[in-house]
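Read the structure below first, then the notes.
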Amino acid sequence: MTDIFDDATGPGPAPRTAYFVARLAAIGADAPVPSPCIDVCRIDAATGVCVGCRRTLDEIAAWSRMDDAGKRAVWALLPGRVPAA
């Protein structure tokens, strides 16, 4: 799984943008939408997004209540979010 991580130094690994693009593309139209969580749970103070999954705290808290369309909408935002290094 280490190939999904950036080589940037910092307080832990952050997935490459390509990881989120590929995962989003792999989610089938009729398949349940998986959580983007990769168990690297740390909120970046500068951006307000999780370093691991790139979701905001509000998105993380609401995830289990979202329908699949809402989850897909969040997934679509993730590649554009890059935690500060």
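Just so we're on the same page: first chain in the structure tokens is A, next is B, and so on; residues restart at 1 for each chain, and ligands are numbered from 1 in the order they show up.
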*Write out as a count of residues only the residues lying within 12 Å of stretch 48-53 of chain A, counting only C-alpha atoms and excluding same-chain residues fewer than 4 positions away.*
40
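Rounded to one decimal, atom CA of A:Pro32 and atom CA of A:Thr47 lie 28.3 Å from each other.
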Quick one: pick out all alpha helix (DSSP H) residues within stretch 25-60 of chain A from a backbone DSSP run and write them as a PDB file with N, CA, C and O atoms, in the first residue's frame.
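Output saved as selection-v2.pdb:
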ATOM      1  N   ALA A  25     -12.701   6.448 -10.031  1.00  0.00           N
ATOM      2  CA  ALA A  25     -13.002   5.821 -11.317  1.00  0.00           C
ATOM      3  C   ALA A  25     -13.413   4.358 -11.153  1.00  0.00           C
ATOM      4  O   ALA A  25     -14.198   3.833 -11.945  1.00  0.00           O
ATOM      5  N   ALA A  26     -12.908   3.698 -10.121  1.00  0.00           N
ATOM      6  CA  ALA A  26     -13.181   2.277  -9.911  1.00  0.00           C
ATOM      7  C   ALA A  26     -14.528   2.013  -9.238  1.00  0.00           C
ATOM      8  O   ALA A  26     -14.996   0.873  -9.236  1.00  0.00           O
ATOM      9  N   LEU A  57     -14.012  17.442   8.591  1.00  0.00           N
ATOM     10  CA  LEU A  57     -14.630  16.817   9.771  1.00  0.00           C
ATOM     11  C   LEU A  57     -16.132  16.653   9.570  1.00  0.00           C
ATOM     12  O   LEU A  57     -16.712  15.632   9.966  1.00  0.00           O
ATOM     13  N   ASP A  58     -16.785  17.642   8.970  1.00  0.00           N
ATOM     14  CA  ASP A  58     -18.227  17.534   8.718  1.00  0.00           C
ATOM     15  C   ASP A  58     -18.544  16.368   7.790  1.00  0.00           C
ATOM     16  O   ASP A  58     -19.512  15.638   7.999  1.00  0.00           O
ATOM     17  N   GLU A  59     -17.728  16.182   6.745  1.00  0.00           N
ATOM     18  CA  GLU A  59     -17.945  15.069   5.814  1.00  0.00           C
ATOM     19  C   GLU A  59     -17.701  13.731   6.493  1.00  0.00           C
ATOM     20  O   GLU A  59     -18.456  12.771   6.268  1.00  0.00           O
ATOM     21  N   ILE A  60     -16.692  13.661   7.326  1.00  0.00           N
ATOM     22  CA  ILE A  60     -16.407  12.421   8.052  1.00  0.00           C
ATOM     23  C   ILE A  60     -17.574  12.082   8.976  1.00  0.00           C
ATOM     24  O   ILE A  60     -18.040  10.939   9.010  1.00  0.00           O
TER      25      ILE A  60
END
*From a DSSP calculation on the backbone, collect every residue of chain A in strand (DSSP E or B) and output the set as number ranges by chain.*
A: 5, 15, 43, 49-50, 56
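Rounded to one decimal, atom CA of A:Ala46 and atom CA of A:Ala69 lie 28.2 Å from each other.
Interatomic distance, atom CA of A:Asp68 to atom CA of A:Ile27: 10.6 Å.
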